[in-house]
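Structure file run.cif with mmCIF, C-alpha atoms and all ligand atoms:
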```cif
data_input
loop_
_atom_site.label_atom_id
_atom_site.label_comp_id
_atom_site.auth_asym_id
_atom_site.auth_seq_id
_atom_site.Cartn_x
_atom_site.Cartn_y
_atom_site.Cartn_z
CA MET A 1219 179.00 141.48 155.70
CA ASP A 1220 180.12 137.87 155.82
CA PHE A 1221 178.41 136.09 158.72
CA ASP A 1222 181.16 133.44 158.86
CA LEU A 1223 184.29 134.19 160.83
CA ASN A 1224 187.40 133.89 158.68
CA GLU A 1225 190.06 131.25 159.34
CA GLU A 1226 192.28 133.61 161.30
CA VAL A 1227 189.50 134.65 163.65
CA ILE A 1228 188.34 131.03 164.08
CA ALA A 1229 191.90 130.07 165.09
CA ILE A 1230 192.07 132.93 167.61
CA GLN A 1231 188.65 131.97 168.96
CA ASP A 1232 189.81 128.38 169.38
CA MET A 1233 192.97 129.49 171.18
CA ALA A 1234 191.01 131.78 173.52
CA ARG A 1235 188.42 129.08 174.23
CA LYS A 1236 191.10 126.49 175.07
CA PHE A 1237 192.96 128.99 177.24
CA ALA A 1238 189.78 129.88 179.14
CA GLN A 1239 188.95 126.20 179.71
CA ARG A 1240 192.50 125.34 180.75
CA GLU A 1241 193.55 128.36 182.80
CA ILE A 1242 190.44 130.25 183.92
CA LEU A 1243 187.77 127.65 184.64
CA SER A 1244 189.67 126.00 187.49
CA ARG A 1245 190.09 129.28 189.39
CA VAL A 1246 186.72 130.85 188.64
CA ASN A 1247 185.51 130.70 192.24
CA GLU A 1248 188.74 131.87 193.81
CA GLU A 1249 187.89 135.58 193.62
CA GLY A 1250 190.54 138.31 193.69
CA PHE A 1251 193.00 139.58 191.13
CA ASP A 1252 195.32 136.94 189.67
CA ARG A 1253 198.42 138.66 188.26
CA ASP A 1254 199.94 135.42 186.92
CA LEU A 1255 196.82 134.73 184.89
CA VAL A 1256 196.93 138.21 183.38
CA THR A 1257 200.61 137.73 182.51
CA LYS A 1258 199.74 134.49 180.71
CA MET A 1259 196.93 136.21 178.80
CA GLY A 1260 199.38 138.91 177.70
CA GLU A 1261 202.05 136.40 176.69
CA LEU A 1262 199.56 134.46 174.58
CA GLY A 1263 198.60 137.62 172.72
CA LEU A 1264 194.97 137.68 173.87
CA PHE A 1265 195.09 141.46 174.39
CA GLY A 1266 196.67 142.24 171.03
CA CYS A 1267 194.01 141.60 168.37
CA ALA A 1268 193.37 145.28 167.59
CA PHE A 1269 197.03 146.35 167.67
CA PRO A 1270 199.74 146.32 165.01
CA PRO A 1271 202.78 144.06 165.57
CA ARG A 1272 205.03 146.97 166.53
CA TYR A 1273 202.90 147.38 169.67
CA GLY A 1274 202.82 143.68 170.48
CA GLY A 1275 199.60 142.98 168.60
CA SER A 1276 198.51 140.60 165.85
CA ASP A 1277 196.58 143.09 163.72
CA SER A 1278 193.66 140.66 163.58
CA GLY A 1279 191.10 143.38 164.21
CA PHE A 1280 188.12 144.34 166.32
CA LEU A 1281 185.98 141.37 165.33
CA ALA A 1282 188.75 139.07 166.59
CA HIS A 1283 188.95 141.19 169.77
CA SER A 1284 185.20 140.77 170.22
CA VAL A 1285 185.37 137.01 169.76
CA VAL A 1286 188.22 136.63 172.30
CA CYS A 1287 186.37 138.81 174.80
CA GLU A 1288 183.26 136.66 174.39
CA GLU A 1289 185.25 133.48 175.09
CA ILE A 1290 186.90 134.90 178.23
CA SER A 1291 183.61 136.22 179.56
CA ARG A 1292 181.86 132.93 178.83
CA VAL A 1293 184.08 131.36 181.47
CA ASP A 1294 184.60 134.32 183.84
CA SER A 1295 182.79 137.55 183.12
CA GLY A 1296 184.70 139.05 186.05
CA LEU A 1297 187.78 139.15 183.82
CA ARG A 1298 185.95 141.15 181.14
CA PRO A 1299 186.71 144.60 182.65
CA LEU A 1300 190.40 143.73 182.82
CA PHE A 1301 190.25 142.42 179.26
CA ASN A 1302 188.67 145.66 178.09
CA LEU A 1303 191.27 147.78 179.85
CA GLN A 1304 194.33 145.79 178.67
CA ALA A 1305 193.11 145.00 175.16
CA MET A 1306 191.20 148.12 174.28
CA THR A 1307 190.43 151.26 176.24
CA VAL A 1308 193.77 152.07 177.90
CA PRO A 1309 196.33 151.07 175.21
CA TYR A 1310 194.07 151.87 172.25
CA THR A 1311 193.27 155.34 173.54
CA ILE A 1312 196.97 155.98 174.10
CA MET A 1313 197.82 154.57 170.65
CA GLU A 1314 195.23 156.79 168.99
CA TRP A 1315 195.72 160.00 170.89
CA ALA A 1316 199.23 160.15 172.36
CA ILE A 1317 202.31 161.61 170.75
CA ASP A 1318 205.01 159.10 169.72
CA GLU A 1319 206.97 159.38 172.96
CA ALA A 1320 204.08 158.30 175.22
CA ARG A 1321 202.81 155.79 172.67
CA GLU A 1322 206.20 154.04 172.53
CA LYS A 1323 206.48 154.14 176.31
CA TYR A 1324 203.15 152.59 177.25
CA VAL A 1325 201.18 150.79 174.52
CA GLN A 1326 203.20 147.60 174.07
CA LYS A 1327 203.74 147.19 177.81
CA LEU A 1328 199.96 147.22 178.33
CA VAL A 1329 199.16 144.91 175.42
CA CYS A 1330 201.76 142.40 176.62
CA ALA A 1331 200.53 142.77 180.23
CA GLU A 1332 203.89 143.93 181.54
CA LYS A 1333 201.91 146.83 182.97
CA ILE A 1334 198.31 147.00 184.17
CA GLY A 1335 196.08 149.88 183.10
CA CYS A 1336 192.94 151.62 184.29
CA THR A 1337 190.62 154.32 182.96
CA CYS A 1338 189.43 157.06 185.32
CA PHE A 1339 186.23 158.82 184.30
CA SER A 1340 183.84 158.32 187.21
CA GLU A 1341 183.76 160.51 190.29
CA PRO A 1342 181.41 160.88 193.26
CA ASN A 1343 179.52 163.65 191.41
CA ALA A 1344 180.18 162.64 187.81
CA GLY A 1345 178.90 159.32 186.48
CA SER A 1346 176.86 159.39 183.27
CA ASP A 1347 177.55 163.11 182.98
CA ILE A 1348 181.28 163.15 182.42
CA ALA A 1349 181.19 166.84 181.46
CA SER A 1350 180.72 167.52 185.19
CA ILE A 1351 184.06 165.94 186.12
CA GLU A 1352 185.69 167.87 188.97
CA THR A 1353 189.23 166.46 189.02
CA ARG A 1354 191.56 169.34 188.18
CA ILE A 1355 194.36 169.11 185.67
CA GLU A 1356 196.60 172.19 185.76
CA ASP A 1357 199.24 173.09 183.24
CA ARG A 1358 202.30 173.93 185.35
CA GLY A 1359 204.59 174.78 182.46
CA ASP A 1360 206.86 171.76 182.41
CA HIS A 1361 204.30 169.26 183.77
CA PHE A 1362 200.61 168.71 184.58
CA LEU A 1363 199.43 168.73 188.19
CA ILE A 1364 196.37 166.64 189.05
CA ASN A 1365 194.07 166.75 192.07
CA GLY A 1366 190.73 165.02 192.60
CA ALA A 1367 188.86 161.83 193.46
CA LYS A 1368 187.71 158.93 191.29
CA THR A 1369 185.23 156.15 192.07
CA TRP A 1370 184.45 152.73 190.63
CA ILE A 1371 187.77 152.36 188.87
CA SER A 1372 188.27 148.82 187.55
CA ASN A 1373 191.87 147.65 188.09
CA GLY A 1374 192.21 150.72 190.32
CA THR A 1375 194.09 148.95 193.12
CA VAL A 1376 196.51 147.18 190.78
CA ALA A 1377 197.07 149.56 187.87
CA ASP A 1378 200.52 150.91 186.99
CA ILE A 1379 199.20 153.28 184.34
CA ALA A 1380 195.99 155.31 184.37
CA VAL A 1381 194.23 157.39 181.75
CA VAL A 1382 192.82 160.19 183.90
CA TYR A 1383 190.09 162.54 182.69
CA GLY A 1384 189.98 165.92 184.41
CA THR A 1385 189.15 169.54 183.73
CA HIS A 1386 191.29 172.63 183.48
CA ASP A 1387 188.21 174.83 183.97
CA ARG A 1388 184.94 173.40 185.31
CA SER A 1389 182.89 176.32 183.99
CA LEU A 1390 183.68 175.17 180.43
CA LYS A 1391 181.94 171.79 181.09
CA HIS A 1392 182.87 169.31 178.33
CA ARG A 1393 185.05 171.91 176.60
CA GLY A 1394 187.33 171.99 179.66
CA LEU A 1395 188.05 168.26 179.74
CA CYS A 1396 191.58 166.94 179.30
CA ALA A 1397 192.94 163.39 179.27
CA VAL A 1398 196.41 162.53 180.54
CA VAL A 1399 198.37 159.34 181.12
CA VAL A 1400 199.46 159.06 184.74
CA GLU A 1401 201.97 156.68 186.31
CA THR A 1402 200.43 155.55 189.58
CA ASP A 1403 203.63 154.95 191.61
CA GLN A 1404 203.46 158.44 193.10
CA PRO A 1405 202.87 159.24 196.79
CA GLY A 1406 199.77 161.32 196.01
CA TRP A 1407 197.99 158.41 194.27
CA THR A 1408 196.13 156.39 196.92
CA THR A 1409 193.54 153.68 196.36
CA ARG A 1410 190.94 151.89 198.45
CA ASP A 1411 189.24 148.67 197.43
CA THR A 1412 185.48 148.89 196.76
CA PRO A 1413 183.44 145.82 197.81
CA LYS A 1414 180.81 144.88 195.22
CA LEU A 1415 178.08 142.46 194.12
CA GLY A 1416 179.79 140.54 191.30
CA ASP A 1417 182.89 140.49 189.07
CA LYS A 1418 184.92 139.25 192.03
CA SER A 1419 188.07 138.72 189.95
CA SER A 1420 188.09 142.40 188.97
CA PRO A 1421 189.38 144.79 191.64
CA ILE A 1422 187.57 148.12 191.87
CA ALA A 1423 188.89 151.20 193.64
CA GLU A 1424 188.18 154.63 194.93
CA ILE A 1425 191.19 156.75 194.08
CA HIS A 1426 192.38 159.86 195.82
CA ILE A 1427 194.66 162.01 193.70
CA GLU A 1428 196.71 164.65 195.45
CA ASP A 1429 199.37 166.68 193.65
CA VAL A 1430 200.06 163.88 191.21
CA LYS A 1431 202.22 164.84 188.22
CA ALA A 1432 202.23 163.83 184.57
CA PRO A 1433 204.84 164.88 182.01
CA LYS A 1434 203.66 167.18 179.21
CA GLU A 1435 204.11 164.44 176.60
CA ASN A 1436 201.40 162.41 178.37
CA LEU A 1437 198.52 164.61 177.19
CA LEU A 1438 196.07 162.67 175.00
CA GLY A 1439 194.68 164.73 172.14
CA GLU A 1440 194.60 168.46 172.55
CA TRP A 1441 194.34 170.56 175.72
CA GLY A 1442 190.61 171.03 176.42
CA LYS A 1443 189.61 168.40 173.84
CA GLY A 1444 189.50 165.45 176.23
CA PHE A 1445 185.77 164.96 175.62
CA VAL A 1446 186.46 163.69 172.09
CA VAL A 1447 189.12 161.35 173.46
CA ALA A 1448 186.57 160.09 176.00
CA MET A 1449 183.90 159.49 173.35
CA THR A 1450 186.22 157.44 171.13
CA ALA A 1451 187.41 155.45 174.17
CA LEU A 1452 183.82 154.73 175.23
CA ASP A 1453 182.79 153.66 171.72
CA ARG A 1454 185.66 151.18 171.58
CA GLY A 1455 185.06 150.03 175.14
CA ARG A 1456 181.45 149.26 174.21
CA ILE A 1457 182.71 146.62 171.78
CA SER A 1458 184.38 144.81 174.68
CA VAL A 1459 181.47 145.28 177.08
CA ALA A 1460 178.87 144.11 174.59
CA SER A 1461 181.04 141.11 173.61
CA GLY A 1462 181.42 140.21 177.27
CA ALA A 1463 177.65 140.36 177.69
CA VAL A 1464 177.22 137.90 174.80
CA GLY A 1465 179.80 135.56 176.37
CA LEU A 1466 178.05 135.60 179.73
CA ALA A 1467 174.60 135.17 178.14
CA GLN A 1468 176.01 132.14 176.26
CA ALA A 1469 177.28 130.74 179.59
CA CYS A 1470 173.76 131.12 181.03
CA LEU A 1471 172.37 129.22 178.05
CA ASP A 1472 175.04 126.49 178.24
CA ALA A 1473 174.35 125.89 181.94
CA SER A 1474 170.58 125.88 181.39
CA VAL A 1475 170.71 123.39 178.50
CA LYS A 1476 172.93 121.09 180.56
CA TYR A 1477 170.64 121.26 183.59
CA ALA A 1478 167.44 120.85 181.56
CA ASN A 1479 168.96 117.71 180.01
CA GLU A 1480 169.86 116.24 183.43
CA ARG A 1481 167.14 117.19 185.89
CA VAL A 1482 164.18 114.82 186.10
CA GLN A 1483 160.83 115.82 187.61
CA PHE A 1484 157.45 114.08 187.28
CA GLY A 1485 159.33 111.23 185.59
CA LYS A 1486 160.69 113.31 182.71
CA LEU A 1487 163.66 115.54 181.97
CA ILE A 1488 162.58 119.12 182.64
CA GLY A 1489 163.84 119.99 179.12
CA GLU A 1490 160.96 117.94 177.74
CA TYR A 1491 158.35 120.30 179.22
CA GLN A 1492 157.13 122.94 176.79
CA LEU A 1493 157.35 125.75 179.32
CA VAL A 1494 161.05 125.01 179.91
CA LYS A 1495 161.60 124.68 176.14
CA GLY A 1496 160.06 128.14 175.76
CA VAL A 1497 162.62 129.59 178.17
CA ILE A 1498 165.49 127.88 176.34
CA ALA A 1499 164.21 129.12 172.97
CA GLU A 1500 164.02 132.66 174.32
CA MET A 1501 167.58 132.44 175.63
CA VAL A 1502 168.93 131.11 172.32
CA SER A 1503 167.22 133.95 170.45
CA LEU A 1504 168.52 136.60 172.85
CA VAL A 1505 172.09 135.34 172.61
CA GLU A 1506 172.11 135.01 168.82
CA ALA A 1507 170.55 138.41 168.21
CA ALA A 1508 172.95 140.14 170.59
CA ARG A 1509 175.95 138.39 169.03
CA LEU A 1510 175.00 139.52 165.51
CA LEU A 1511 174.58 143.12 166.67
CA VAL A 1512 177.90 143.10 168.50
CA ARG A 1513 179.76 141.59 165.57
CA ARG A 1514 178.24 144.17 163.22
CA GLY A 1515 179.61 146.95 165.46
CA ALA A 1516 183.07 145.36 165.61
CA TRP A 1517 183.05 144.70 161.86
CA LEU A 1518 182.15 148.33 161.10
CA ASN A 1519 185.09 149.42 163.19
CA ASP A 1520 187.31 147.02 161.24
CA GLN A 1521 186.09 148.69 158.02
CA ASP A 1522 187.10 152.05 159.52
CA ARG A 1523 183.49 153.18 159.30
CA PRO A 1524 181.45 155.09 161.89
CA PHE A 1525 179.93 152.71 164.43
CA THR A 1526 178.78 154.81 167.40
CA ARG A 1527 175.08 154.15 166.74
CA GLU A 1528 175.52 150.47 165.95
CA ILE A 1529 177.69 149.74 168.98
CA ALA A 1530 175.28 151.62 171.24
CA ILE A 1531 172.44 149.41 169.92
CA ALA A 1532 174.63 146.34 170.41
CA LYS A 1533 175.69 147.33 173.91
CA TYR A 1534 172.13 148.12 174.94
CA SER A 1535 170.69 144.92 173.44
CA ALA A 1536 173.45 142.67 174.76
CA GLY A 1537 173.18 144.24 178.23
CA GLU A 1538 169.42 143.63 178.34
CA ALA A 1539 169.86 140.14 176.86
CA VAL A 1540 172.38 139.01 179.46
CA VAL A 1541 170.31 140.24 182.39
CA LYS A 1542 167.25 138.41 181.01
CA ALA A 1543 169.30 135.28 180.24
CA ALA A 1544 170.77 135.23 183.76
CA GLY A 1545 167.26 135.46 185.25
CA MET A 1546 166.06 132.68 182.97
CA ALA A 1547 169.04 130.50 183.93
CA MET A 1548 168.06 130.95 187.58
CA GLU A 1549 164.52 129.90 186.70
CA VAL A 1550 165.59 126.76 184.82
CA HIS A 1551 167.80 125.72 187.76
CA GLY A 1552 165.01 126.06 190.34
CA GLY A 1553 166.47 125.96 193.87
CA MET A 1554 169.89 125.02 192.51
CA GLY A 1555 170.05 128.43 190.85
CA TYR A 1556 170.31 129.83 194.34
CA SER A 1557 173.08 127.44 195.33
CA LEU A 1558 176.72 128.47 195.56
CA GLU A 1559 177.55 125.02 194.13
CA MET A 1560 176.24 126.01 190.70
CA PRO A 1561 177.67 128.72 188.44
CA VAL A 1562 174.39 130.53 187.72
CA GLU A 1563 174.22 132.58 190.91
CA LYS A 1564 177.55 134.12 189.84
CA TYR A 1565 176.22 134.71 186.33
CA TYR A 1566 173.21 136.45 187.87
CA ARG A 1567 175.39 138.73 190.00
CA ASP A 1568 177.86 139.48 187.17
CA SER A 1569 175.13 140.21 184.61
CA LYS A 1570 173.88 143.49 186.12
CA LEU A 1571 177.09 145.37 185.36
CA TYR A 1572 176.29 145.13 181.65
CA GLN A 1573 173.47 147.64 182.15
CA VAL A 1574 175.85 150.05 183.90
CA GLY A 1575 179.44 150.18 182.63
CA GLU A 1576 180.64 152.11 179.55
CA GLY A 1577 177.36 154.07 179.50
CA THR A 1578 174.22 152.88 181.30
CA ALA A 1579 171.25 151.31 179.51
CA ASN A 1580 169.47 154.69 179.72
CA ILE A 1581 172.41 156.54 178.20
CA MET A 1582 172.42 154.02 175.32
CA ARG A 1583 168.64 154.51 174.92
CA LEU A 1584 169.14 158.29 174.77
CA LEU A 1585 171.83 157.99 172.12
CA ILE A 1586 169.75 155.57 170.00
CA ALA A 1587 166.51 157.55 170.35
CA ASP A 1588 168.12 160.95 169.72
CA ASP A 1589 169.51 159.53 166.49
CA ALA A 1590 166.17 157.99 165.45
CA LEU A 1591 164.24 161.16 166.26
CA GLY A 1592 166.67 163.34 164.32
CA ILE A 1593 167.63 165.23 167.49
CA LYS A 1594 171.30 164.31 167.38
CA LYS A 1595 173.04 162.15 164.84
CA ALA A 1596 175.07 159.42 166.55
CA ASN A 1597 177.38 158.58 163.66
CA ARG A 1598 179.65 161.32 162.46
CA PRO A 1599 182.61 161.05 160.10
CA ARG A 1600 185.52 159.21 161.70
CA ILE A 1601 187.58 161.53 163.85
CA HIS A 1602 191.09 162.08 162.57
CA VAL A 1603 193.55 161.20 165.28
CA PRO A 1604 196.59 163.48 165.73
CA SER A 1605 199.06 161.15 164.05
CA ASP A 1606 197.83 158.02 162.41
CA PHE A 1607 199.55 155.01 163.95
CA ARG A 1608 198.44 152.94 160.97
CA ASP A 1609 200.93 154.84 158.84
CA LEU A 1610 203.81 154.06 161.19
CA GLU A 1611 204.68 150.59 159.88
C1 LIG B 1701 181.68 147.25 188.58
C2 LIG B 1701 181.87 148.63 188.01
C3 LIG B 1701 183.04 148.93 187.33
C4 LIG B 1701 183.25 150.22 186.84
N1 LIG B 1701 184.46 150.52 186.24
C5 LIG B 1701 184.72 151.82 185.90
C6 LIG B 1701 186.01 152.21 185.40
O1 LIG B 1701 186.91 151.38 185.23
N2 LIG B 1701 186.23 153.51 185.14
C7 LIG B 1701 185.28 154.46 185.33
O2 LIG B 1701 185.54 155.63 185.08
N3 LIG B 1701 184.03 154.13 185.78
C8 LIG B 1701 183.75 152.83 186.08
N4 LIG B 1701 182.50 152.48 186.56
C9 LIG B 1701 181.51 153.52 186.75
C10 LIG B 1701 180.44 153.46 185.69
O3 LIG B 1701 180.94 153.89 184.46
C11 LIG B 1701 179.28 154.35 186.20
O4 LIG B 1701 178.69 153.66 187.28
C12 LIG B 1701 178.26 154.63 185.11
O5 LIG B 1701 178.79 155.47 184.12
C13 LIG B 1701 177.00 155.30 185.69
O6 LIG B 1701 177.33 156.36 186.51
P1 LIG B 1701 176.71 156.44 187.98
O7 LIG B 1701 176.94 155.15 188.66
O8 LIG B 1701 177.23 157.66 188.62
O9 LIG B 1701 175.16 156.55 187.76
P2 LIG B 1701 174.34 157.88 187.43
O10 LIG B 1701 174.93 158.58 186.26
O11 LIG B 1701 174.14 158.64 188.67
O12 LIG B 1701 172.95 157.25 186.99
C14 LIG B 1701 171.99 156.72 187.91
C15 LIG B 1701 170.77 156.33 187.10
O13 LIG B 1701 170.24 157.49 186.45
C16 LIG B 1701 170.18 157.27 185.06
N5 LIG B 1701 170.48 158.51 184.34
C17 LIG B 1701 171.52 159.36 184.52
N6 LIG B 1701 171.44 160.38 183.65
C18 LIG B 1701 170.34 160.16 182.89
C19 LIG B 1701 169.73 160.85 181.82
N7 LIG B 1701 170.25 161.98 181.30
N8 LIG B 1701 168.60 160.34 181.28
C20 LIG B 1701 168.06 159.19 181.76
N9 LIG B 1701 168.60 158.50 182.78
C21 LIG B 1701 169.73 158.98 183.33
C22 LIG B 1701 171.22 156.20 184.76
O14 LIG B 1701 170.93 155.51 183.56
C23 LIG B 1701 171.10 155.32 185.99
O15 LIG B 1701 170.03 154.44 185.83
C24 LIG B 1701 182.26 151.19 187.01
C25 LIG B 1701 181.06 150.87 187.66
C26 LIG B 1701 180.87 149.62 188.17
C27 LIG B 1701 179.58 149.31 188.90
#
```

This entry written out as structure tokens:
Amino acid sequence: MDFDLNEEVIAIQDMARKFAQREILSRVNEEGFDRDLVTKMGELGLFGCAFPPRYGGSDSGFLAHSVVCEEISRVDSGLRPLFNLQAMTVPYTIMEWAIDEAREKYVQKLVCAEKIGCTCFSEPNAGSDIASIETRIEDRGDHFLINGAKTWISNGTVADIAVVYGTHDRSLKHRGLCAVVVETDQPGWTTRDTPKLGDKSSPIAEIHIEDVKAPKENLLGEWGKGFVVAMTALDRGRISVASGAVGLAQACLDASVKYANERVQFGKLIGEYQLVKGVIAEMVSLVEAARLLVRRGAWLNDQDRPFTREIAIAKYSAGEAVVKAAGMAMEVHGGMGYSLEMPVEKYYRDSKLYQVGEGTANIMRLLIADDALGIKKANRPRIHVPSDFRDLE
């Protein structure tokens, strides 16, 4: 592995950094979903790193995707869920698992931000345990009929297209799961905004699904094999989540270095005190270690190699790192950490999600430990998708 980013990825990183400084920084405290901003991100190609040109992408890869995600999150971690959904989990899952008809219909529109996507796993009684999903997907001959309820759905109030996970037979547990693409402009699809601690620029919804239909060509993967679709989607989503955690941890470090170099107490800059230096050193080490782990996971994916174990380690480590870094940033800022005038209170609120989304810290620990103990191997040979989009060019 080359630890230097190549010229292409450096150029993309530079573009994303400039965009975030120019377009995101000024509105970071506004809160709420900004459709115009998302359109601009799509037009600039920020969502397209992992996609081939025929789907509106640049084919620059997962490492490039990770680097862009880090830059966006460094300025507003609240945009990271949207970034994940537009640049990875929704279009990539459709690209990998849909038949041509659905792939042509949805992928490019999502990557270019003409349409907004969401992913619907979570339910009131199914969080970490997605095999206990209760939403019903029935095969009605010429269409699928869907009924159920979803919670905590990022982009839920604004999405045009949803990847919905449901079951055709609950008694089969994970063997009954199916994944379908649903267009949300149907009377039976109703959403309610969920108030939350952080990520204020990312809308979250409870969704009620009543007699919603999906055409047969919108099935992802095979009937009853939605669990495999879910696992590949979660692995890929973990690249975005872990990258976002690195970006936010870097923001915590940036703010802390700045403050420690400005704030004077007892006649000296606080950055000159060894105890404060110790905190800064710890933050630097956390950020750098997490970044290397995340980039290894993304790089493995770029090599088309198994990466489930490595991205779980990265997601777990980056999630822990960002929560620690946010706490340390609060400490370095003293009372000003608590102030709404400084960015670190937002960093602190936004950081906690990184121990929850795309598999909680405990679920990552289970996966990593089961692999280490020989109970269950995390990395298996790459799953062959139904038709390989890479051969389409
Ligand atoms: C801001 C936000 C955005 C989200 N966006 C989406 C989205 O877009 N789409 C979507 O589908 N979901 C989304 N989620 C939901 C998220 O994926 C779930 O919250 C997460 O999977 C955990 O599920 P849960 O909240 O039901 O917690 P639970 O699964 O009930 O877990 C509660 C606690 O128990 C622990 N636990 C559970 N099982 C085990 C076990 N076997 N061993 C050890 N510990 C265990 C967990 O680690 C956790 O600490 C979002 C959540 C939030 C907060």

Could you pull out the residues sitting within 6 Å of ligand LIG 1701 (chain B), using only C-alpha atoms and all ligand atoms, and write them as a PyMOL selection string?
chain A and resi 1337-1340+1344-1346+1370-1372+1571+1574-1581

Which residues are near stretch 1506-1516 of chain A? Cut-off 9 Å, all atoms listed in the file, ignore same chain within fewer than 4 positions. Put them as a short mmCIF file (atom, residue, chain, number, x, y, z; two decimals) with C-alpha atoms, in the frame of the given file.
```cif
data_model
loop_
_atom_site.label_atom_id
_atom_site.label_comp_id
_atom_site.auth_asym_id
_atom_site.auth_seq_id
_atom_site.Cartn_x
_atom_site.Cartn_y
_atom_site.Cartn_z
CA MET A 1219 179.00 141.48 155.70
CA PHE A 1221 178.41 136.09 158.72
CA GLY A 1279 191.10 143.38 164.21
CA PHE A 1280 188.12 144.34 166.32
CA LEU A 1281 185.98 141.37 165.33
CA ALA A 1282 188.75 139.07 166.59
CA HIS A 1283 188.95 141.19 169.77
CA SER A 1284 185.20 140.77 170.22
CA VAL A 1285 185.37 137.01 169.76
CA ARG A 1454 185.66 151.18 171.58
CA ILE A 1457 182.71 146.62 171.78
CA ALA A 1460 178.87 144.11 174.59
CA SER A 1461 181.04 141.11 173.61
CA ALA A 1463 177.65 140.36 177.69
CA VAL A 1464 177.22 137.90 174.80
CA GLY A 1465 179.80 135.56 176.37
CA GLN A 1468 176.01 132.14 176.26
CA MET A 1501 167.58 132.44 175.63
CA VAL A 1502 168.93 131.11 172.32
CA ASP A 1520 187.31 147.02 161.24
CA GLN A 1521 186.09 148.69 158.02
CA PHE A 1525 179.93 152.71 164.43
CA THR A 1526 178.78 154.81 167.40
CA ARG A 1527 175.08 154.15 166.74
CA GLU A 1528 175.52 150.47 165.95
CA ILE A 1529 177.69 149.74 168.98
CA ALA A 1530 175.28 151.62 171.24
CA ILE A 1531 172.44 149.41 169.92
CA ALA A 1532 174.63 146.34 170.41
CA LYS A 1533 175.69 147.33 173.91
CA SER A 1535 170.69 144.92 173.44
CA ALA A 1536 173.45 142.67 174.76
CA GLY A 1537 173.18 144.24 178.23
CA ALA A 1539 169.86 140.14 176.86
CA VAL A 1540 172.38 139.01 179.46
#
```

Close residues, stretch 1441-1446 of chain A itself excluded, 7 Å, all atoms listed in the file, min 3 positions apart in chain, as a ChimeraX atom specification:
/A:1392-1397,1449-1450

Could you please take those selected residues and save C-alpha atoms as a compact mmCIF listing (two decimals), keeping the file's coordinate frame?
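Now in selection_5.txt:
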```txt
# COMPACT_ATOMS: atom_id res chain seq x y z
CA HIS A 1392 182.87 169.31 178.33
CA ARG A 1393 185.05 171.91 176.60
CA GLY A 1394 187.33 171.99 179.66
CA LEU A 1395 188.05 168.26 179.74
CA CYS A 1396 191.58 166.94 179.30
CA ALA A 1397 192.94 163.39 179.27
CA MET A 1449 183.90 159.49 173.35
CA THR A 1450 186.22 157.44 171.13
```

Determine the nearest neighbour of A:Lys1570 from the options A:Lys1418, A:Lys1368, A:Lys1542, A:Lys1434, counting all atoms listed in the file.
A:Lys1542

Can you list every residue of stretch 1537-1594 of chain A that has an atom at most 12 Å from stretch 1483-1492 of chain A, with its nearest atom pair and the distance in Å to one decimal, using all atoms listed in the file, ordered by chain then number, as a tab-separated table?
```
residue	atom	partner	partner_atom	distance
A:Glu1549	CA	A:Ile1488	CA	11.7
A:Val1550	CA	A:Ile1488	CA	8.5
A:His1551	CA	A:Ile1488	CA	9.9
A:Gly1552	CA	A:Ile1488	CA	10.6
```

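A straight line drawn from atom CA of A:Glu1332 to atom CA of A:Gly1274 is 11.1 Å long.
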
Using all atoms listed in the file, which of the listed residues (A:Arg1245, A:Arg1253, A:Arg1354, A:Arg1235) sits closest to A:Glu1341?
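Between A:Arg1245, A:Arg1253, A:Arg1354, A:Arg1235, the residue approaching A:Glu1341 most closely is A:Arg1354.
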
Can you work out which one of A:Ala1544, A:Leu1591, A:Val1246, A:Glu1435 has the shortest atom-to-atom distance to A:Tyr1565, counting all atoms listed in the file?
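Among A:Ala1544, A:Leu1591, A:Val1246, A:Glu1435, it is A:Ala1544 that comes nearest to A:Tyr1565.
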
Option closest in space to A:Leu1328, from A:Glu1352, A:Asp1411, A:Glu1314, A:Glu1261 [counting only C-alpha atoms]:
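Once distances to A:Leu1328 are computed over only C-alpha atoms, the minimum belongs to A:Glu1261.
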
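Note that atom CA of A:Gln1304 and atom CA of A:Phe1265 are 6.1 Å apart.
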
Residue among A:Ala1473, A:Ala1229, A:Val1459, A:Ala1367 lying closest to A:Pro1342, counting only C-alpha atoms
A:Ala1367

Which residue is closest to A:Thr1257? Choose from A:Ala1377, A:Ile1334, A:Ile1355, A:Leu1390 and count all atoms listed in the file.
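Answer, going by the shortest atom-to-atom distance: A:Ile1334.
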
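From atom CA of A:Leu1585 back to atom CA of A:Tyr1572, the distance works out to 16.6 Å.
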
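For A:Gly1263, the residues within 9 Å (counting all atoms listed in the file, excluding itself and residues fewer than 6 positions away along the chain) are Gly1274, Gly1275, Ser1276, Val1329 and Cys1330 of chain A.
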
Okay, now the selection with C-alpha atoms, as a PDB file, keeping the file's coordinate frame?
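After the write, result_28.pdb holds the following:
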```
ATOM      1  CA  GLY A1274     202.820 143.680 170.480  1.00  0.00           C
ATOM      2  CA  GLY A1275     199.600 142.980 168.600  1.00  0.00           C
ATOM      3  CA  SER A1276     198.510 140.600 165.850  1.00  0.00           C
ATOM      4  CA  VAL A1329     199.160 144.910 175.420  1.00  0.00           C
ATOM      5  CA  CYS A1330     201.760 142.400 176.620  1.00  0.00           C
TER       6      CYS A1330
END
```

Which residues come within 8 Å of stretch 1239-1244 of chain A, counting only C-alpha atoms, excluding same-chain residues fewer than 3 positions away, as a short mmCIF file (atom, residue, chain, number, x, y, z; two decimals) with C-alpha atoms, in the frame of the given file?
```
data_model
loop_
_atom_site.label_atom_id
_atom_site.label_comp_id
_atom_site.auth_asym_id
_atom_site.auth_seq_id
_atom_site.Cartn_x
_atom_site.Cartn_y
_atom_site.Cartn_z
CA ARG A 1235 188.42 129.08 174.23
CA LYS A 1236 191.10 126.49 175.07
CA ASN A 1247 185.51 130.70 192.24
CA LEU A 1255 196.82 134.73 184.89
CA VAL A 1293 184.08 131.36 181.47
CA ASP A 1294 184.60 134.32 183.84
#
```
